[in-house]
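**Student:** Take this structure, written in structure tokens, and hold onto it; I'll ask about it next.
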Amino acid sequence: MKILAVNCGSSTVKFQLFETSAERAERNEDRALARGMVDKVGAADSSVSFEPAGADKQTIRRPIRDHHEAVEASLATLTESGNGLLRDLSEIAGVGHRVVHGGEYYSDSVLFDDEVERRVEECVELAPLHNPHNLTGYRAVKALLPRCPNVAVFDTAFHQTIPRRAFLYALPLELYSEHKIRRYGFHGTSHRYVSQRYAQIHGAGLENLKLIACHLGNGCSMTAIDRGRSVDNTLGLTPIEGLVMGTRPGDVDPGVVLHLMSDLKMTVEEVTELLNKRSGLLGLSGETNDMRSLMQASEAGDERARLAIEIFCYRIKKYIGAYLAALNGADAILFTGGIGENAPAIRARACEALDALGVALDPGRNERARGAEAEISADGAKVKAWVIPTNEELLIARETMRCISVPGVSGVCACSKNDC
Ligand code: AMP
């Protein structure tokens with residue numbers, strides 16, 4: 001069946017069309033038919049790009065006023081004459097939406113209906129930068145394909161298995177019971193995908209594995225996964241805690257925030273902006289949040305770039321130690337995300353001098369592993385290390401296929417017209 005995965009951000013709509021089925025997913029043989037993106041939604045220089053599998057990417061500059069128009073433009077690319085992907089939109093069996101925050105409501109993907117919409121709306125206060133756009137995408141698809149089932153796939157769902165000892169902050173307990181202030185964890189779709197893929201590659205059941213997944217991109221997080229269940233994640237109530245990120249600091253003493261507000265007289269808005277947009281690699285280097293550029297700058301002798309990279313890697317190493325303790329050892333550490341997949345020097349640094357804990361990389365394997373699945377650990381290392389490129393859209397498509405395939409829910413759009 002053909003499934004569309006949609007990821008709506010503040011100014012982008014990314015989409016990917018898959019041909020999948022339970023059997024194909026089991027064999028990792030589901031195929032991406034096409035991918036695309038609407039960029040700079042609402043800006044004067046917005047564009048629509050589209051890339052059918054095996055063909056060149058085409059980008060057309062055209063004004064896209066809002067997310068509704070962006071989804072409309074995305075769907076139009078799939079049926080445009082000549083590309084042969086879809087005769088009409090009724091061939092789409094289901095649409096899966098990335099939803100960042102599902103609060104404590106959802107520990108699994110669900111059919112997107114009015115109740116889910118209401119709850120996602122309720123969680124807007126927990127993810128004000130993401131949930132509103134995820135909802136806008138859902139509403140646009142619902143309006144344009146009214147008879148097609150939609151599925152919500154939550155970033156937080158995978159982490160709902162984190163036990164209380166790891167999700168509660170040591171604050172007055174009422175802040176949790178009355179205000180739901182706790183660690184939720186994020187990037188669940190990515191962590192889940194790479195852990196499933198590792199198990200699949202090794203022909204092992206996830207229930208027999210202890211894994212540490214490192215998603216290192218512009219946003220970064222690590223997850224301790226005990227027999228397929230997330231038991232800890234470095235991100236917290238919001239996606240600021242934990243690892244150093246492109247523009248977010250990760251762990252910071254909350255006293256720093258008090259100091260910024262009381263002594264430096266910064267407003268809530270200013271601190272919010274500082275922590276979300278001006279910290280992390282960008283804040284430390286004073287130059288860029290882009291790891292590739294930082295590595296070049298560091299090699300050219302830029303001291304702040306070198307320091308930013310050192311702090312970034314040290315934080316990962318510290319959490320590897322913490323999660324090895326939380327899991328009482330691990331079968332493997334998995335690297336994914338733009339940095340995790342493509343930057344051998346960062347992986348080497350993060351795993352440096354961890355041999356006492358059973359972690360050791362093979363320099364040659366690590367150097368060769370770029371953007372593809374590969375083992376990077378040294379022979380005999382107790383804890384294996386692997387690069388597994390993430391594929392969140394594929395997981396969203398598989399989840400959508402699974403949810404719409406349950407009895408009583410039509411998996412195929414019943415519309416026979418072209419206006420579905
Ligand atoms: P993501 O958010 O997963 O797209 O990852 C973006 C980050 O990956 C940026 O910091 C990029 O500079 C970084 N990145 C991508 N390719 C490379 C590379 N070859 N070497 C180092 N960093 C890279």
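Each chain of the structure tokens is named A, B, ... in the order shown, its residues numbered from 1; ligands are numbered from 1 in display order.
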Would you list the residues that come within 12 Å of ligand 1? Count only C-alpha atoms and all ligand atoms and give the answer as a PyMOL selection string.
**Tutor:** chain A and resi 187+190+214-221+244-247+280-282+288-297+309+312+335-347+367-372+389-392
**Student:** Go ahead and save the residues from that selection, with C-alpha atoms, as a JSON list (two decimals), in the first residue's frame.
**Tutor:**
```
[["chain", "number", "residue", "atom", "x", "y", "z"],
["A", 187, "HIS", "CA", 13.50, 11.93, 19.09],
["A", 190, "SER", "CA", 14.57, 7.98, 15.48],
["A", 214, "CYS", "CA", 22.89, 8.49, 20.10],
["A", 215, "HIS", "CA", 20.94, 10.81, 17.79],
["A", 216, "LEU", "CA", 23.45, 13.54, 16.94],
["A", 217, "GLY", "CA", 22.12, 16.16, 14.55],
["A", 218, "ASN", "CA", 21.23, 19.78, 14.99],
["A", 219, "GLY", "CA", 19.13, 18.47, 17.87],
["A", 220, "CYS", "CA", 20.85, 15.76, 19.92],
["A", 221, "SER", "CA", 19.71, 13.15, 22.40],
["A", 244, "VAL", "CA", 25.10, 19.99, 23.68],
["A", 245, "MET", "CA", 23.11, 20.77, 20.51],
["A", 246, "GLY", "CA", 23.41, 23.14, 17.56],
["A", 247, "THR", "CA", 21.82, 26.08, 19.34],
["A", 280, "GLY", "CA", 25.09, 25.08, 22.17],
["A", 281, "LEU", "CA", 27.71, 24.90, 19.42],
["A", 282, "LEU", "CA", 26.69, 28.31, 18.13],
["A", 288, "THR", "CA", 28.04, 28.55, 13.68],
["A", 289, "ASN", "CA", 25.84, 25.68, 14.81],
["A", 290, "ASP", "CA", 26.99, 23.59, 11.84],
["A", 291, "MET", "CA", 29.35, 20.81, 12.91],
["A", 292, "ARG", "CA", 30.95, 20.46, 9.47],
["A", 293, "SER", "CA", 31.92, 24.14, 9.44],
["A", 294, "LEU", "CA", 33.13, 23.92, 13.04],
["A", 295, "MET", "CA", 35.39, 20.99, 12.25],
["A", 296, "GLN", "CA", 36.94, 22.92, 9.36],
["A", 297, "ALA", "CA", 37.38, 26.00, 11.56],
["A", 309, "ILE", "CA", 33.72, 20.34, 19.72],
["A", 312, "PHE", "CA", 30.14, 18.47, 22.63],
["A", 335, "PHE", "CA", 25.22, 6.49, 16.18],
["A", 336, "THR", "CA", 22.74, 8.31, 13.98],
["A", 337, "GLY", "CA", 21.71, 11.82, 12.81],
["A", 338, "GLY", "CA", 23.73, 14.12, 10.53],
["A", 339, "ILE", "CA", 26.74, 14.17, 12.88],
["A", 340, "GLY", "CA", 26.42, 10.60, 14.20],
["A", 341, "GLU", "CA", 26.25, 9.19, 10.68],
["A", 342, "ASN", "CA", 28.88, 11.34, 8.98],
["A", 343, "ALA", "CA", 31.51, 12.53, 11.45],
["A", 344, "PRO", "CA", 34.03, 9.80, 12.38],
["A", 345, "ALA", "CA", 36.17, 12.28, 14.34],
["A", 346, "ILE", "CA", 33.26, 13.13, 16.64],
["A", 347, "ARG", "CA", 32.39, 9.47, 17.23],
["A", 367, "GLU", "CA", 36.82, 6.37, 9.37],
["A", 368, "ARG", "CA", 35.16, 4.45, 6.52],
["A", 369, "ALA", "CA", 31.64, 4.56, 8.00],
["A", 370, "ARG", "CA", 29.93, 7.57, 6.48],
["A", 371, "GLY", "CA", 26.20, 7.73, 5.94],
["A", 372, "ALA", "CA", 25.70, 3.96, 5.73],
["A", 389, "PRO", "CA", 21.36, 6.06, 9.47],
["A", 390, "THR", "CA", 18.00, 7.07, 10.84],
["A", 391, "ASN", "CA", 14.81, 7.01, 8.80],
["A", 392, "GLU", "CA", 12.04, 8.62, 10.80]]
```
**Student:** Just want the 12 Å neighbourhood of Glu273 (chain A), counted on only C-alpha atoms, with same-chain residues fewer than 3 positions away dropped. Output as a count of residues only.
**Tutor:** 15
**Student:** If you run DSSP on the backbone, which residues of region 271-339 of chain A are helix (DSSP H, G or I), as an MDAnalysis selection string?
**Tutor:** chainID A and resid 271:277 280:285 291:299 303:327 337:339
**Student:** Using only C-alpha atoms, which residues sit within 6 Å of region 18-22 of chain A once same-chain residues fewer than 2 positions away are excluded, as a PyMOL selection string?
**Tutor:** chain A and resi 1-3+24-25+30-33
**Student:** For the selection just defined, write its residues with N, CA, C and O atoms to a file, as a PDB file, in the first residue's frame.
**Tutor:**
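Below is the file that was written, out-v9.pdb:
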```pdb
ATOM      1  N   MET A   1       0.831  -1.195   0.000  1.00  0.00           N
ATOM      2  CA  MET A   1       0.000   0.000   0.000  1.00  0.00           C
ATOM      3  C   MET A   1       0.872   1.254   0.000  1.00  0.00           C
ATOM      4  O   MET A   1       2.019   1.212   0.422  1.00  0.00           O
ATOM      5  N   LYS A   2       0.293   2.350  -0.496  1.00  0.00           N
ATOM      6  CA  LYS A   2       1.062   3.598  -0.565  1.00  0.00           C
ATOM      7  C   LYS A   2       0.724   4.478   0.637  1.00  0.00           C
ATOM      8  O   LYS A   2      -0.450   4.758   0.904  1.00  0.00           O
ATOM      9  N   ILE A   3       1.761   4.863   1.344  1.00  0.00           N
ATOM     10  CA  ILE A   3       1.583   5.654   2.568  1.00  0.00           C
ATOM     11  C   ILE A   3       2.406   6.933   2.436  1.00  0.00           C
ATOM     12  O   ILE A   3       3.564   6.902   1.999  1.00  0.00           O
ATOM     13  N   ARG A  24       6.834  -6.490   3.633  1.00  0.00           N
ATOM     14  CA  ARG A  24       7.973  -5.675   3.174  1.00  0.00           C
ATOM     15  C   ARG A  24       8.719  -5.094   4.376  1.00  0.00           C
ATOM     16  O   ARG A  24       9.958  -5.078   4.403  1.00  0.00           O
ATOM     17  N   ALA A  25       7.969  -4.582   5.364  1.00  0.00           N
ATOM     18  CA  ALA A  25       8.605  -3.978   6.540  1.00  0.00           C
ATOM     19  C   ALA A  25       9.440  -5.017   7.281  1.00  0.00           C
ATOM     20  O   ALA A  25      10.562  -4.750   7.713  1.00  0.00           O
ATOM     21  N   ASP A  30      10.542  -2.204   2.232  1.00  0.00           N
ATOM     22  CA  ASP A  30       9.614  -1.148   1.824  1.00  0.00           C
ATOM     23  C   ASP A  30      10.412  -0.069   1.102  1.00  0.00           C
ATOM     24  O   ASP A  30      11.561   0.199   1.419  1.00  0.00           O
ATOM     25  N   ARG A  31       9.763   0.538   0.088  1.00  0.00           N
ATOM     26  CA  ARG A  31      10.494   1.436  -0.810  1.00  0.00           C
ATOM     27  C   ARG A  31       9.996   2.865  -0.703  1.00  0.00           C
ATOM     28  O   ARG A  31       8.790   3.097  -0.668  1.00  0.00           O
ATOM     29  N   ALA A  32      10.929   3.824  -0.697  1.00  0.00           N
ATOM     30  CA  ALA A  32      10.530   5.223  -0.813  1.00  0.00           C
ATOM     31  C   ALA A  32      10.310   5.498  -2.296  1.00  0.00           C
ATOM     32  O   ALA A  32      11.186   5.235  -3.116  1.00  0.00           O
ATOM     33  N   LEU A  33       9.126   5.998  -2.653  1.00  0.00           N
ATOM     34  CA  LEU A  33       8.834   6.275  -4.064  1.00  0.00           C
ATOM     35  C   LEU A  33       9.244   7.696  -4.437  1.00  0.00           C
ATOM     36  O   LEU A  33       9.612   7.971  -5.572  1.00  0.00           O
TER      37      LEU A  33
END
```
**Student:** Suppose you want the space between CA of Pro52 (chain A) and CA of Arg35 (chain A); what is it in Å?
**Tutor:**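 It comes out at 6.3 Å.
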**Student:** Using only C-alpha atoms for the distances, tell me which of A:Val406, A:Ala348, A:Val252, A:Leu211 is nearest to Gly329 (chain A).
**Tutor:** A:Leu211
**Student:** Please list as a list in words every residue within 12 Å of Ala204 (chain A), counting only C-alpha atoms and excluding residues in the same chain fewer than 6 positions away.
**Tutor:**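 Non-adjacent residues within range: Ser195, Gln196, Arg197, Tyr198, Lys210, Arg227, Gly228 and Asp331 of chain A.
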**Student:** Considering only strand (DSSP E or B) as DSSP defines it on the backbone, what residues of region 166-368 of chain A qualify? List them as a PyMOL selection string.
**Tutor:** chain A and resi 210-216+220-226+229-233+332-336+359+361
**Student:** Find the residues around region 74-86 of chain A up to 8 Å (only C-alpha atoms counted), leave out those fewer than 2 positions away in its own chain, and share them as a PyMOL selection string.
**Tutor:** chain A and resi 15+33+36-38+48+50+52+70-72+88-89+91
**Student:** Save the residues we just selected, N, CA and C atoms, as a CSV table (one decimal), in the first residue's frame?
**Tutor:**
```csv
chain,number,residue,atom,x,y,z
A,15,PHE,N,7.8,15.7,3.1
A,15,PHE,CA,6.9,14.6,2.9
A,15,PHE,C,7.7,13.5,2.1
A,33,LEU,N,9.1,6.0,-2.7
A,33,LEU,CA,8.8,6.3,-4.1
A,33,LEU,C,9.2,7.7,-4.4
A,36,GLY,N,9.9,15.0,-0.8
A,36,GLY,CA,9.8,16.4,-1.2
A,36,GLY,C,9.8,17.3,0.0
A,37,MET,N,9.8,18.6,-0.3
A,37,MET,CA,9.8,19.6,0.8
A,37,MET,C,9.3,20.9,0.3
A,38,VAL,N,8.5,21.5,1.1
A,38,VAL,CA,8.1,22.9,0.8
A,38,VAL,C,8.9,23.7,1.8
A,48,VAL,N,9.1,24.8,-3.7
A,48,VAL,CA,8.6,23.4,-3.6
A,48,VAL,C,9.7,22.5,-4.3
A,50,PHE,N,11.0,18.4,-5.2
A,50,PHE,CA,10.4,17.1,-5.3
A,50,PHE,C,11.4,16.2,-6.0
A,52,PRO,N,11.6,12.2,-7.1
A,52,PRO,CA,11.2,10.8,-7.2
A,52,PRO,C,12.4,9.9,-7.1
A,70,ALA,N,0.8,24.7,1.4
A,70,ALA,CA,2.0,23.8,1.3
A,70,ALA,C,1.7,22.4,1.2
A,71,VAL,N,0.7,21.9,1.9
A,71,VAL,CA,0.3,20.5,1.8
A,71,VAL,C,-0.4,20.3,0.4
A,72,GLU,N,-1.2,21.3,0.0
A,72,GLU,CA,-1.8,21.1,-1.3
A,72,GLU,C,-0.7,21.0,-2.4
A,88,ASP,N,-4.2,9.0,-9.1
A,88,ASP,CA,-4.9,10.1,-8.3
A,88,ASP,C,-4.7,9.8,-6.8
A,89,LEU,N,-5.0,10.8,-6.0
A,89,LEU,CA,-4.7,10.8,-4.6
A,89,LEU,C,-5.4,9.7,-3.8
A,91,GLU,N,-5.2,6.8,-4.3
A,91,GLU,CA,-4.3,5.6,-4.1
A,91,GLU,C,-3.5,5.7,-2.8
```
**Student:** Pro132 (chain A): which residues within 12 Å, counting only C-alpha atoms, same-chain residues fewer than 4 positions away excluded, as an NGL selection string?
**Tutor:** :A and (8-11 or 67 or 98-101 or 117-128 or 136-139)
